[in-house]
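**Student:** Below you'll find the structure I mean.
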Amino acid sequence: MIPIKTLSELPPREKYNPGKVTIGIDPGLGGGIAVKYASNIIYTFNMPQDVDQLRDLAERITYPDSSNTVYIEDVPPFAGKQLPGARMFRLGENCGVIRGIFSGLYIKTVLVRPQEWQGALGLKKEKGMEQSAWKRELKQAAQELYPEIKVTLKTADALLIMHYGLTYE
């Protein structure tokens, strides 16, 4: 599968099979969204940069007569010196907007801490590991789980969060 970049690249809703829809979201501005339908079709998206685009995407990827569950990475309230306050504020705001949009669509949302989904999938950041090296390791783990999908640094965490949701619901 190729990551979808625009809504126009999605097939019509009629092509989806009603049933379980699992969505994983990395809420960072450089994050992504991964969706798995009951028919085993998986789509990935870069995180929209605009609230209206995110709302439109959320409405389009969910199926009204399906059991939809969204797993959103829970953002920490404080991340130390590596993430300044302004960046943490923006991340928290983005997470809140995402939760609000899916809640407004009556879709079950589950917050999952990074340590929880990473630990459950057997992923552990080594002490002193550079963040960029850790991100590449997560991308590799997602690629191994989903070899048919072109995994990017933006969609890797979302795929892994989705996989966590599929495995540990």
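For the structure tokens, the naming scheme is as follows: chains receive sequential letters (A, B, ...) according to their order of presentation, residues are indexed from 1 within each chain, and ligands are indexed from 1 in presentation order.
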I want to know what sits within 10 Å of Pro64 (chain A), based on only C-alpha atoms, with residues of the same chain fewer than 4 positions away left out; could you give that as an NGL selection string?
**Tutor:** :A and (13 or 18-19 or 59-60 or 68 or 105-107)
**Student:** Find the spatial neighbours of Asn46 (chain A), counting only C-alpha atoms, within a cut-off of 7 Å - ignore same-chain residues fewer than 6 positions away - and output them as a list in words.
**Tutor:**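 Non-adjacent residues within range: Lys5, Gly31, Gly32, Ile33, Lys154 and Thr155 of chain A.
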**Student:** Of the candidates A:Ala34, A:Val75, A:Ala133, A:Leu57, which one gets nearest to Val112 (chain A) if we count only C-alpha atoms?
**Tutor:**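 Nearest candidate to Val112 (chain A) out of A:Ala34, A:Val75, A:Ala133, A:Leu57: A:Val75.
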**Student:** Taking 5 positions as the minimum chain separation for residues in the same chain, which residues sit within 12 Å of Ile149 (chain A) when counting only C-alpha atoms? Answer as a ChimeraX atom specification.
**Tutor:** /A:1-4,34-36,41-45,139-140,142-144,155-156,159
**Student:** Could you take the residues named above and write them with N, CA and C atoms, as a PDB file, in the first residue's frame?
**Tutor:**
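Once everything was written out, this is again06.pdb:
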```pdb
ATOM      1  N   MET A   1       0.832  -1.182   0.000  1.00  0.00           N
ATOM      2  CA  MET A   1       0.000   0.000   0.000  1.00  0.00           C
ATOM      3  C   MET A   1       0.877   1.246   0.000  1.00  0.00           C
ATOM      4  N   ILE A   2       0.410   2.273  -0.636  1.00  0.00           N
ATOM      5  CA  ILE A   2       1.104   3.552  -0.668  1.00  0.00           C
ATOM      6  C   ILE A   2       0.392   4.492   0.293  1.00  0.00           C
ATOM      7  N   PRO A   3       1.133   5.257   1.102  1.00  0.00           N
ATOM      8  CA  PRO A   3       0.466   6.197   1.998  1.00  0.00           C
ATOM      9  C   PRO A   3      -0.415   7.165   1.202  1.00  0.00           C
ATOM     10  N   ILE A   4      -1.600   7.409   1.715  1.00  0.00           N
ATOM     11  CA  ILE A   4      -2.544   8.325   1.084  1.00  0.00           C
ATOM     12  C   ILE A   4      -2.178   9.746   1.504  1.00  0.00           C
ATOM     13  N   ALA A  34      -2.912   5.812  11.035  1.00  0.00           N
ATOM     14  CA  ALA A  34      -2.995   4.516  10.359  1.00  0.00           C
ATOM     15  C   ALA A  34      -4.374   3.929  10.634  1.00  0.00           C
ATOM     16  N   VAL A  35      -4.990   3.373   9.596  1.00  0.00           N
ATOM     17  CA  VAL A  35      -6.345   2.831   9.704  1.00  0.00           C
ATOM     18  C   VAL A  35      -6.368   1.420   9.142  1.00  0.00           C
ATOM     19  N   LYS A  36      -6.952   0.500   9.905  1.00  0.00           N
ATOM     20  CA  LYS A  36      -7.126  -0.869   9.416  1.00  0.00           C
ATOM     21  C   LYS A  36      -8.615  -1.190   9.443  1.00  0.00           C
ATOM     22  N   ILE A  41      -7.737  -3.988   4.793  1.00  0.00           N
ATOM     23  CA  ILE A  41      -7.125  -2.880   4.067  1.00  0.00           C
ATOM     24  C   ILE A  41      -6.555  -1.911   5.097  1.00  0.00           C
ATOM     25  N   ILE A  42      -5.331  -1.461   4.874  1.00  0.00           N
ATOM     26  CA  ILE A  42      -4.689  -0.495   5.763  1.00  0.00           C
ATOM     27  C   ILE A  42      -4.313   0.738   4.951  1.00  0.00           C
ATOM     28  N   TYR A  43      -4.642   1.902   5.506  1.00  0.00           N
ATOM     29  CA  TYR A  43      -4.249   3.180   4.915  1.00  0.00           C
ATOM     30  C   TYR A  43      -3.427   3.949   5.930  1.00  0.00           C
ATOM     31  N   THR A  44      -2.467   4.715   5.445  1.00  0.00           N
ATOM     32  CA  THR A  44      -1.701   5.605   6.310  1.00  0.00           C
ATOM     33  C   THR A  44      -1.775   7.025   5.772  1.00  0.00           C
ATOM     34  N   PHE A  45      -1.720   7.972   6.688  1.00  0.00           N
ATOM     35  CA  PHE A  45      -1.808   9.390   6.347  1.00  0.00           C
ATOM     36  C   PHE A  45      -0.810  10.170   7.177  1.00  0.00           C
ATOM     37  N   LYS A 139      10.558   2.914  12.952  1.00  0.00           N
ATOM     38  CA  LYS A 139      10.177   2.779  11.541  1.00  0.00           C
ATOM     39  C   LYS A 139      10.491   1.372  11.040  1.00  0.00           C
ATOM     40  N   GLN A 140      11.646   0.853  11.392  1.00  0.00           N
ATOM     41  CA  GLN A 140      12.033  -0.501  10.989  1.00  0.00           C
ATOM     42  C   GLN A 140      11.079  -1.543  11.578  1.00  0.00           C
ATOM     43  N   ALA A 142       7.931  -1.096  12.408  1.00  0.00           N
ATOM     44  CA  ALA A 142       6.660  -0.990  11.689  1.00  0.00           C
ATOM     45  C   ALA A 142       6.767  -1.632  10.303  1.00  0.00           C
ATOM     46  N   GLN A 143       7.902  -1.432   9.637  1.00  0.00           N
ATOM     47  CA  GLN A 143       8.098  -2.007   8.303  1.00  0.00           C
ATOM     48  C   GLN A 143       8.114  -3.527   8.365  1.00  0.00           C
ATOM     49  N   GLU A 144       8.700  -4.090   9.419  1.00  0.00           N
ATOM     50  CA  GLU A 144       8.722  -5.546   9.578  1.00  0.00           C
ATOM     51  C   GLU A 144       7.324  -6.101   9.832  1.00  0.00           C
ATOM     52  N   THR A 155       4.566   8.061   9.638  1.00  0.00           N
ATOM     53  CA  THR A 155       3.483   7.095   9.850  1.00  0.00           C
ATOM     54  C   THR A 155       3.878   5.885  10.697  1.00  0.00           C
ATOM     55  N   ALA A 156       5.160   5.732  10.996  1.00  0.00           N
ATOM     56  CA  ALA A 156       5.630   4.538  11.715  1.00  0.00           C
ATOM     57  C   ALA A 156       4.973   4.383  13.082  1.00  0.00           C
ATOM     58  N   LEU A 159       1.292   3.399  12.834  1.00  0.00           N
ATOM     59  CA  LEU A 159       1.125   1.975  12.514  1.00  0.00           C
ATOM     60  C   LEU A 159       1.365   1.100  13.739  1.00  0.00           C
TER      61      LEU A 159
END
```
**Student:** Apply DSSP to the structure's backbone, then extract all residues of chain A labelled strand (DSSP E or B) and return them as number ranges by chain.
**Tutor:** A: 4, 20-26, 32-36, 42-46, 67-73, 108-112
**Student:** Skipping near chain neighbours, those fewer than 4 positions away, what residues fall within 7 Å of Thr69 (chain A) using only C-alpha atoms, listed as a ChimeraX atom specification?
**Tutor:** /A:21-23,107-109
**Student:** Write a file of the selected residues as a PDB file, in the first residue's frame, keeping N, CA and C atoms.
**Tutor:**
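Saved to part-v9.pdb:
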```
ATOM      1  N   VAL A  21     -13.043  -1.292  12.761  1.00  0.00           N
ATOM      2  CA  VAL A  21     -12.094  -0.331  12.213  1.00  0.00           C
ATOM      3  C   VAL A  21     -11.199   0.101  13.367  1.00  0.00           C
ATOM      4  N   THR A  22      -9.891  -0.085  13.201  1.00  0.00           N
ATOM      5  CA  THR A  22      -8.938   0.294  14.238  1.00  0.00           C
ATOM      6  C   THR A  22      -8.020   1.370  13.686  1.00  0.00           C
ATOM      7  N   ILE A  23      -7.889   2.448  14.452  1.00  0.00           N
ATOM      8  CA  ILE A  23      -7.110   3.598  14.023  1.00  0.00           C
ATOM      9  C   ILE A  23      -6.036   3.880  15.064  1.00  0.00           C
ATOM     10  N   ILE A 107     -16.959   8.282  18.253  1.00  0.00           N
ATOM     11  CA  ILE A 107     -16.018   7.182  18.067  1.00  0.00           C
ATOM     12  C   ILE A 107     -15.220   6.997  19.352  1.00  0.00           C
ATOM     13  N   LYS A 108     -15.140   5.768  19.786  1.00  0.00           N
ATOM     14  CA  LYS A 108     -14.424   5.437  21.014  1.00  0.00           C
ATOM     15  C   LYS A 108     -12.947   5.792  20.852  1.00  0.00           C
ATOM     16  N   THR A 109     -12.416   6.558  21.825  1.00  0.00           N
ATOM     17  CA  THR A 109     -10.999   6.904  21.805  1.00  0.00           C
ATOM     18  C   THR A 109     -10.321   6.337  23.047  1.00  0.00           C
TER      19      THR A 109
END
```
**Student:** Might you pull out every residue within 6 Å of region 160-166 of chain A, with only C-alpha atoms counted and same-chain residues fewer than 2 positions away left off, and present them as a ChimeraX atom specification?
**Tutor:** /A:23-24,117,142,157-158,168-169
**Student:** Next, the residues of the selection above should be written as a tab-separated table (two decimals), in the first residue's frame with all heavy atoms.
**Tutor:**
```tsv
chain	number	residue	atom	x	y	z
A	23	ILE	N	-7.89	2.45	14.45
A	23	ILE	CA	-7.11	3.60	14.02
A	23	ILE	C	-6.04	3.88	15.06
A	23	ILE	O	-6.32	3.89	16.26
A	23	ILE	CB	-8.03	4.83	13.85
A	23	ILE	CG1	-9.13	4.54	12.84
A	23	ILE	CG2	-7.22	6.07	13.45
A	23	ILE	CD1	-10.25	5.57	12.81
A	24	GLY	N	-4.81	4.09	14.60
A	24	GLY	CA	-3.71	4.49	15.47
A	24	GLY	C	-3.26	5.88	15.09
A	24	GLY	O	-3.14	6.19	13.90
A	117	TRP	N	2.50	1.17	24.78
A	117	TRP	CA	2.44	0.50	23.47
A	117	TRP	C	3.81	0.01	23.03
A	117	TRP	O	3.93	-1.06	22.44
A	117	TRP	CB	1.76	1.36	22.40
A	117	TRP	CG	2.42	2.62	21.94
A	117	TRP	CD1	2.15	3.89	22.36
A	117	TRP	CD2	3.44	2.76	20.94
A	117	TRP	NE1	2.95	4.80	21.69
A	117	TRP	CE2	3.74	4.13	20.80
A	117	TRP	CE3	4.12	1.86	20.13
A	117	TRP	CZ2	4.68	4.62	19.91
A	117	TRP	CZ3	5.07	2.34	19.24
A	117	TRP	CH2	5.34	3.71	19.13
A	142	ALA	N	7.93	-1.10	12.41
A	142	ALA	CA	6.66	-0.99	11.69
A	142	ALA	C	6.77	-1.63	10.30
A	142	ALA	O	5.84	-2.32	9.85
A	142	ALA	CB	6.24	0.47	11.56
A	157	ASP	N	5.00	5.44	13.90
A	157	ASP	CA	4.40	5.33	15.23
A	157	ASP	C	2.90	5.04	15.14
A	157	ASP	O	2.37	4.25	15.91
A	157	ASP	CB	4.63	6.61	16.03
A	157	ASP	CG	6.05	6.77	16.53
A	157	ASP	OD1	6.94	6.01	16.07
A	157	ASP	OD2	6.30	7.64	17.38
A	158	ALA	N	2.23	5.69	14.19
A	158	ALA	CA	0.78	5.46	14.03
A	158	ALA	C	0.50	3.99	13.71
A	158	ALA	O	-0.43	3.40	14.26
A	158	ALA	CB	0.22	6.37	12.95
A	168	TYR	N	-3.94	-5.76	21.54
A	168	TYR	CA	-4.22	-5.71	22.97
A	168	TYR	C	-5.58	-5.15	23.32
A	168	TYR	O	-5.79	-4.69	24.42
A	168	TYR	CB	-3.10	-4.92	23.67
A	168	TYR	CG	-1.79	-5.62	23.53
A	168	TYR	CD1	-0.89	-5.25	22.54
A	168	TYR	CD2	-1.46	-6.69	24.34
A	168	TYR	CE1	0.31	-5.91	22.36
A	168	TYR	CE2	-0.26	-7.37	24.17
A	168	TYR	CZ	0.62	-6.97	23.19
A	168	TYR	OH	1.79	-7.63	23.02
A	169	GLU	N	-6.54	-5.17	22.40
A	169	GLU	CA	-7.90	-4.70	22.71
A	169	GLU	C	-8.59	-5.70	23.63
A	169	GLU	O	-8.51	-6.86	23.48
A	169	GLU	CB	-8.76	-4.60	21.46
A	169	GLU	CG	-8.29	-3.65	20.46
A	169	GLU	CD	-9.34	-3.37	19.39
A	169	GLU	OE1	-9.66	-4.26	18.60
A	169	GLU	OE2	-9.81	-2.24	19.39
```
**Student:** Please, what distance in Å, to one decimal, runs between CA of Ser39 (chain A) and CA of Ser8 (chain A)?
**Tutor:**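 If I compute the distance from CA of Ser39 (chain A) to CA of Ser8 (chain A), I get 20.2 Å.
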**Student:** DSSP on the backbone, alpha helix (DSSP H) only: what residues of chain A does that give? Format it as a PyMOL selection string.
**Tutor:** chain A and resi 51-61+85-104+114-120+131-145+156-168
**Student:** To one decimal place in Å, what is the distance between CA of Asp56 (chain A) and CA of Val110 (chain A)?
**Tutor:**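 Here the two named atoms are 20.3 Å from each other.
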**Student:** Out of A:Met129, A:Ala38, A:Leu111, A:Ala58, which residue has the shortest atom-to-atom distance to Gly96 (chain A) when counting only C-alpha atoms?
**Tutor:**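 Of the candidates, the smallest distance to Gly96 (chain A) is held by A:Leu111.
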